[in-house]
Amino acid sequence: MRAFLRITLPLAAVNFLNQASRAVLALIGPLLALEFALSASDLGLLAAVLFVAYAATQLPVGVALDRYGPRRVQAVLTLLAGLGFFLCAFATGPIMLGAGRFITGIGIAAGLMAMLKANTQWFPRHRVAAMTGAGVFVGALGGVAATLPLATILPFVGWRGGFLILGVLALAVAAWIWFSLADAPPGAARPARRDLAAEIAAYGPIFTHPTFLRFVPAIIVLSAMNFVYSGLWAGPWLRDVGGLDDGPRATILLVYAAGMAVGSMLMGQLSSALQARGAPAMLVPMLAVCAQFAIQLVFILNPPAGLLTMGMVWFAFSLFGAAGPVGYAAVGQGFGAELAGRVATAINFAMLVLVFILQYVIGAIIDLWPRTETGGWATAGYGWAMGLTASLQAAALLWAWRGGRVLRPSPP
């Protein structure tokens, strides 16, 4: 527990900021669309720009984590995230807001990966998923905070005040990381220093590894669903398809974020418990992919109606999507601890590229129908957009299942 409080928890606080920075647009996105006269594709692009920076930073961050350790890398990046939040708070238009989102994306880029790297260094193999799940649970509370709690204070601080609060928190978290973390466990061997070209070349075997090629497509689609919908499109869906006003919509977004938090803890603990008993490391992530695919079919064929039903279905959708980091840890077990940072960032890079594409493409699909009299978008567009994401998930499942057994026993 002491190691969790000193190592995992400060890094999890960055994931709190990460989740909050992504979820905030689902709440304030409709306000920004009206204030700055944004189309659906414009709004999707504004959400996606954070992921462009996030994705572009992944591979350099992986090298930095393996060379310099989570403490130094994450403390510096968290300060940069604070700068991005402050820039958003004082934005005078969509371009300046987009620039702030871009800088924020760089600053939060190492959030999950730094935690995975530290957990791999400090905890036994079978405990990595549990510690990571617990850390992601803390991070998911940032998504919770960016829903109903933020909606409650928005009338008093405005959306600019929300970004100011995030900026101040980022400065505090950077200091916490710097003074709490150690560079490495006592007695740990320092990784061999190679020139930068050799460090970057280590990505080649990762991207071509059979485990990476087989399972990562399903893992990145699973993780991307929560990024895409909690980061933006769940909010407009609840308004245009669900017919909810601001208050009920914020409540469902809170339920969505709670599903991510509960799922992060539950999936991580379940995976570690099953692995300790000899179950395959990929068991929980692959079952979660199947469950989330089935839920998307429900959204397409029979969209839930009523606050309670909508809350239950969106809770389940986010709960199973929260198994993504467990998949990261499962894939990483096929590589040495010295590559943990690069394996995690390689997966995250691929996932974020997909998120960027989906954020924009979903907006473009929705824009194919004219806007409604209330300023929203036609319900048909949402159905076709989710049909696209469900198809991607089905293809990824078939790819993972090809040629034999998907689930193999875990190594000791």
# chains A, B, ... in the order shown; residues from 1 in each chain; ligands from 1

$ select_by_dssp --residues "stretch 67-197 of chain A" --states "alpha helix (DSSP H)" --output "VMD selection string"
chain A and resid 67 to 68 70 to 89 94 to 107 111 to 122 125 to 145 148 to 180 196 to 197

$ residues_around --residues "stretch 310-320 of chain A" --least-positions-apart "3" --cutoff "9 Å" --atoms "only C-alpha atoms" --output "short mmCIF file (atom, residue, chain, number, x, y, z; two decimals) with C-alpha atoms, in the first residue's frame"
data_model
loop_
_atom_site.label_atom_id
_atom_site.label_comp_id
_atom_site.auth_asym_id
_atom_site.auth_seq_id
_atom_site.Cartn_x
_atom_site.Cartn_y
_atom_site.Cartn_z
CA LEU A 222 -11.86 -1.04 -27.16
CA MET A 225 -14.57 3.87 -27.78
CA ASN A 226 -14.31 5.54 -24.37
CA SER A 230 -16.63 10.27 -23.25
CA ALA A 234 -21.81 10.93 -25.73
CA LEU A 238 -27.76 12.29 -25.13
CA GLY A 242 -31.82 10.72 -25.90
CA THR A 251 -26.27 13.11 -14.79
CA ILE A 252 -25.85 10.44 -17.47
CA LEU A 253 -22.34 11.69 -18.22
CA VAL A 255 -22.94 7.72 -14.68
CA TYR A 256 -20.76 7.13 -17.77
CA ALA A 257 -17.68 8.38 -15.92
CA ALA A 258 -18.59 6.28 -12.89
CA GLY A 259 -18.72 3.23 -15.17
CA MET A 260 -15.18 3.98 -16.31
CA ALA A 261 -14.01 4.34 -12.71
CA VAL A 262 -15.70 1.14 -11.50
CA GLY A 263 -14.59 -0.75 -14.60
CA SER A 264 -10.97 0.32 -14.19
CA LEU A 266 -12.96 -4.15 -11.36
CA MET A 267 -11.25 -5.21 -14.60
CA PRO A 285 -9.78 -7.67 -22.26
CA LEU A 287 -14.37 -10.64 -23.12
CA ALA A 288 -14.75 -6.89 -22.65
CA VAL A 289 -14.40 -6.32 -26.40
CA ALA A 291 -19.44 -7.17 -24.45
CA GLN A 292 -18.89 -3.66 -25.77
CA PHE A 293 -19.60 -4.78 -29.33
CA ILE A 295 -23.81 -2.98 -26.41
CA GLN A 296 -23.14 -1.01 -29.58
CA VAL A 298 -28.20 -2.25 -28.76
CA PHE A 299 -27.50 1.44 -29.42
CA PRO A 303 -31.55 2.99 -28.67
CA PRO A 304 -32.36 3.08 -24.95
CA ALA A 305 -35.06 5.50 -23.80
CA GLY A 306 -35.69 6.81 -20.32
CA LEU A 307 -33.13 8.15 -17.86
CA ALA A 323 -10.63 -2.87 -19.69
CA GLY A 324 -8.37 -1.23 -22.28
#

$ residues_around --residues "stretch 126-139 of chain A" --least-positions-apart "3" --cutoff "7 Å" --atoms "only C-alpha atoms" --output "list in words"
Thr8, Leu9, Ala12, Ala13, Asn15, Phe16, Gln19, Leu116, Asn119, Thr120, Phe123, Gly142, Ala261, Val262, Ser264, Met265, Met267, Gly268, Gln269, Ser271, Ser272, Gln275, Ala276, Val326 and Ala329 of chain A

$ closest_atom_pairs --of "stretch 6-64 of chain A" --to "stretch 82-91 of chain A" --cutoff "12 Å" --atoms "only C-alpha atoms" --output "Markdown table"
| residue | atom | partner | partner_atom | distance |
| --- | --- | --- | --- | --- |
| A:Val14 | CA | A:Gly82 | CA | 10.8 |
| A:Leu17 | CA | A:Gly82 | CA | 9.5 |
| A:Asn18 | CA | A:Phe85 | CA | 11.2 |
| A:Ala20 | CA | A:Phe85 | CA | 11.0 |
| A:Ser21 | CA | A:Phe85 | CA | 8.5 |
| A:Arg22 | CA | A:Phe85 | CA | 11.8 |
| A:Val24 | CA | A:Phe85 | CA | 11.6 |
| A:Leu25 | CA | A:Cys88 | CA | 11.9 |
| A:Leu32 | CA | A:Ala91 | CA | 11.6 |
| A:Phe36 | CA | A:Ala91 | CA | 11.4 |
| A:Leu46 | CA | A:Cys88 | CA | 11.7 |
| A:Leu50 | CA | A:Gly84 | CA | 10.2 |
| A:Ala53 | CA | A:Gly84 | CA | 11.5 |

$ closest_residue --among "A:Pro217, A:Arg371, A:Ala47, A:Arg249" --to "A:Thr147" --atoms "only C-alpha atoms"
A:Arg249

$ closest_residue --among "A:Val49, A:Ala322, A:Leu398, A:Val361" --to "A:Gly98" --atoms "only C-alpha atoms"
A:Val49

$ closest_residue --among "A:Ala330, A:Leu392, A:Met115, A:Ile108" --to "A:Gln58" --atoms "only C-alpha atoms"
A:Ile108

$ residues_around --residues "A:Asp183" --least-positions-apart "6" --cutoff "8 Å" --atoms "only C-alpha atoms" --output "list in words"
Tyr68, Gly69, Pro70, Arg71 and Arg72 of chain A

$ residues_around --residues "A:Thr152" --least-positions-apart "3" --cutoff "12 Å" --atoms "only C-alpha atoms" --output "PyMOL selection string"
chain A and resi 27+145-149+155-159+162+246-247+250-251+254

$ write_last_selection --atoms "all heavy atoms" --output "tab-separated table (two decimals), in the first residue's frame"
chain	number	residue	atom	x	y	z
A	27	LEU	N	-19.32	17.89	-22.02
A	27	LEU	CA	-20.23	18.74	-21.27
A	27	LEU	C	-20.36	20.13	-21.90
A	27	LEU	O	-21.46	20.63	-22.12
A	27	LEU	CB	-19.77	18.88	-19.82
A	27	LEU	CG	-20.67	19.72	-18.91
A	27	LEU	CD1	-22.02	19.03	-18.72
A	27	LEU	CD2	-19.99	19.95	-17.56
A	145	ALA	N	-15.53	14.10	-12.31
A	145	ALA	CA	-15.51	15.50	-11.90
A	145	ALA	C	-15.91	16.43	-13.03
A	145	ALA	O	-16.43	17.53	-12.79
A	145	ALA	CB	-14.13	15.88	-11.37
A	146	ALA	N	-15.66	16.00	-14.28
A	146	ALA	CA	-15.96	16.85	-15.44
A	146	ALA	C	-17.40	16.71	-15.91
A	146	ALA	O	-17.74	17.20	-16.99
A	146	ALA	CB	-15.00	16.54	-16.57
A	147	THR	N	-18.25	16.06	-15.12
A	147	THR	CA	-19.65	15.90	-15.52
A	147	THR	C	-20.54	16.73	-14.59
A	147	THR	O	-20.53	17.94	-14.65
A	147	THR	CB	-20.04	14.41	-15.52
A	147	THR	OG1	-19.83	13.85	-14.21
A	147	THR	CG2	-19.20	13.63	-16.52
A	148	LEU	N	-21.32	16.08	-13.75
A	148	LEU	CA	-22.26	16.78	-12.90
A	148	LEU	C	-21.59	17.76	-11.94
A	148	LEU	O	-22.09	18.88	-11.75
A	148	LEU	CB	-23.13	15.77	-12.14
A	148	LEU	CG	-24.35	16.34	-11.40
A	148	LEU	CD1	-25.28	17.07	-12.35
A	148	LEU	CD2	-25.08	15.21	-10.66
A	149	PRO	N	-20.47	17.40	-11.29
A	149	PRO	CA	-19.82	18.39	-10.42
A	149	PRO	C	-19.42	19.66	-11.17
A	149	PRO	O	-19.65	20.77	-10.67
A	149	PRO	CB	-18.58	17.64	-9.90
A	149	PRO	CG	-18.98	16.20	-9.93
A	149	PRO	CD	-19.83	16.07	-11.17
A	155	PRO	N	-22.25	27.62	-13.71
A	155	PRO	CA	-22.91	28.94	-13.64
A	155	PRO	C	-22.13	29.98	-12.85
A	155	PRO	O	-22.31	31.18	-13.05
A	155	PRO	CB	-24.25	28.62	-12.96
A	155	PRO	CG	-24.49	27.18	-13.24
A	155	PRO	CD	-23.14	26.55	-13.22
A	156	PHE	N	-21.23	29.53	-11.97
A	156	PHE	CA	-20.48	30.45	-11.13
A	156	PHE	C	-19.10	30.77	-11.69
A	156	PHE	O	-18.61	31.91	-11.55
A	156	PHE	CB	-20.33	29.88	-9.71
A	156	PHE	CG	-21.63	29.50	-9.08
A	156	PHE	CD1	-22.06	28.18	-9.06
A	156	PHE	CD2	-22.46	30.47	-8.53
A	156	PHE	CE1	-23.26	27.82	-8.48
A	156	PHE	CE2	-23.68	30.12	-7.96
A	156	PHE	CZ	-24.08	28.78	-7.94
A	157	VAL	N	-18.45	29.77	-12.33
A	157	VAL	CA	-17.08	29.99	-12.82
A	157	VAL	C	-16.99	30.04	-14.33
A	157	VAL	O	-15.99	30.52	-14.89
A	157	VAL	CB	-16.12	28.90	-12.27
A	157	VAL	CG1	-16.13	28.89	-10.75
A	157	VAL	CG2	-16.46	27.52	-12.82
A	158	GLY	N	-18.01	29.51	-15.04
A	158	GLY	CA	-17.96	29.45	-16.49
A	158	GLY	C	-16.99	28.39	-16.97
A	158	GLY	O	-16.22	27.82	-16.19
A	159	TRP	N	-17.02	28.14	-18.27
A	159	TRP	CA	-16.12	27.11	-18.79
A	159	TRP	C	-14.66	27.55	-18.69
A	159	TRP	O	-13.75	26.72	-18.54
A	159	TRP	CB	-16.48	26.72	-20.22
A	159	TRP	CG	-16.39	27.82	-21.26
A	159	TRP	CD1	-17.38	28.64	-21.68
A	159	TRP	CD2	-15.23	28.18	-22.02
A	159	TRP	NE1	-16.93	29.50	-22.65
A	159	TRP	CE2	-15.62	29.24	-22.89
A	159	TRP	CE3	-13.93	27.72	-22.07
A	159	TRP	CZ2	-14.73	29.84	-23.78
A	159	TRP	CZ3	-13.04	28.32	-22.96
A	159	TRP	CH2	-13.44	29.37	-23.79
A	162	GLY	N	-13.42	26.61	-15.33
A	162	GLY	CA	-13.13	25.18	-15.27
A	162	GLY	C	-11.71	24.88	-15.73
A	162	GLY	O	-10.98	24.08	-15.11
A	246	ASP	N	-29.92	19.82	-20.21
A	246	ASP	CA	-28.58	19.91	-19.65
A	246	ASP	C	-28.43	19.13	-18.33
A	246	ASP	O	-27.44	18.42	-18.14
A	246	ASP	CB	-28.22	21.38	-19.41
A	246	ASP	CG	-28.00	22.13	-20.71
A	246	ASP	OD1	-27.88	21.46	-21.76
A	246	ASP	OD2	-27.96	23.38	-20.69
A	247	GLY	N	-29.39	19.27	-17.41
A	247	GLY	CA	-29.27	18.61	-16.12
A	247	GLY	C	-29.24	17.09	-16.23
A	247	GLY	O	-28.29	16.45	-15.75
A	250	ALA	N	-26.02	15.86	-17.92
A	250	ALA	CA	-24.86	15.85	-17.03
A	250	ALA	C	-24.92	14.65	-16.08
A	250	ALA	O	-23.89	14.07	-15.73
A	250	ALA	CB	-24.78	17.15	-16.24
A	251	THR	N	-26.12	14.27	-15.67
A	251	THR	CA	-26.27	13.11	-14.79
A	251	THR	C	-25.83	11.83	-15.48
A	251	THR	O	-25.11	11.01	-14.90
A	251	THR	CB	-27.73	12.98	-14.33
A	251	THR	OG1	-28.12	14.16	-13.62
A	251	THR	CG2	-27.91	11.77	-13.43
A	254	LEU	N	-22.20	11.70	-15.79
A	254	LEU	CA	-21.63	11.29	-14.51
A	254	LEU	C	-21.69	9.78	-14.36
A	254	LEU	O	-20.71	9.14	-13.93
A	254	LEU	CB	-22.40	11.97	-13.37
A	254	LEU	CG	-22.03	11.54	-11.94
A	254	LEU	CD1	-20.60	11.90	-11.62
A	254	LEU	CD2	-22.97	12.18	-10.93

$ closest_residue --among "A:Pro205, A:Gly387, A:Gly363, A:Pro124" --to "A:Leu232" --atoms "only C-alpha atoms"
A:Gly363

$ closest_residue --among "A:Ile365, A:Leu79, A:Ala40, A:Ile347" --to "A:Val221" --atoms "only C-alpha atoms"
A:Ile347

$ closest_residue --among "A:Val61, A:Val355, A:Glu373, A:Leu112" --to "A:Trp233" --atoms "only C-alpha atoms"
A:Val355

$ residues_around --residues "A:Ala114" --least-positions-apart "2" --cutoff "8 Å" --atoms "only C-alpha atoms" --output "short mmCIF file (atom, residue, chain, number, x, y, z; two decimals) with N, CA, C and O atoms, in the first residue's frame"
data_model
loop_
_atom_site.label_atom_id
_atom_site.label_comp_id
_atom_site.auth_asym_id
_atom_site.auth_seq_id
_atom_site.Cartn_x
_atom_site.Cartn_y
_atom_site.Cartn_z
N LEU A 11 1.10 9.44 -10.01
CA LEU A 11 0.98 9.29 -11.46
C LEU A 11 -0.48 9.15 -11.87
O LEU A 11 -0.88 9.61 -12.94
N LEU A 65 10.72 7.73 -21.16
CA LEU A 65 10.38 6.99 -19.94
C LEU A 65 11.39 5.89 -19.67
O LEU A 65 11.79 5.65 -18.52
N PRO A 70 9.91 7.60 -14.96
CA PRO A 70 8.64 8.33 -14.89
C PRO A 70 8.71 9.63 -14.12
O PRO A 70 8.00 10.58 -14.44
N GLN A 74 7.42 12.76 -16.23
CA GLN A 74 6.03 13.13 -15.93
C GLN A 74 5.92 14.47 -15.24
O GLN A 74 4.96 15.23 -15.48
N ALA A 110 1.99 11.20 -21.32
CA ALA A 110 2.64 10.08 -20.63
C ALA A 110 1.82 9.53 -19.48
O ALA A 110 2.29 8.64 -18.77
N GLY A 111 0.58 10.03 -19.30
CA GLY A 111 -0.19 9.68 -18.11
C GLY A 111 -0.26 8.20 -17.80
O GLY A 111 0.29 7.73 -16.80
N LEU A 112 -0.92 7.43 -18.64
CA LEU A 112 -1.06 6.00 -18.40
C LEU A 112 0.26 5.27 -18.53
O LEU A 112 0.58 4.37 -17.76
N LEU A 116 2.17 2.74 -16.00
CA LEU A 116 2.49 1.36 -16.36
C LEU A 116 3.98 1.08 -16.19
O LEU A 116 4.37 0.01 -15.70
N LYS A 117 4.80 2.02 -16.63
CA LYS A 117 6.25 1.86 -16.49
C LYS A 117 6.63 1.72 -15.02
O LYS A 117 7.38 0.80 -14.64
N ALA A 118 6.12 2.62 -14.17
CA ALA A 118 6.45 2.57 -12.75
C ALA A 118 5.93 1.29 -12.09
O ALA A 118 6.63 0.65 -11.30
N GLY A 341 7.97 1.06 -21.15
CA GLY A 341 7.51 2.38 -21.59
C GLY A 341 7.20 2.42 -23.07
O GLY A 341 6.18 2.97 -23.50
#

$ atom_distance --atom1 "atom CA of A:Arg101" --atom2 "atom CA of A:Ala48"
9.0 Å

$ residues_around --residues "A:Ala350" --least-positions-apart "6" --cutoff "9 Å" --atoms "only C-alpha atoms" --output "list in words"
Ala55, Val216, Pro217 and Ile220 of chain A
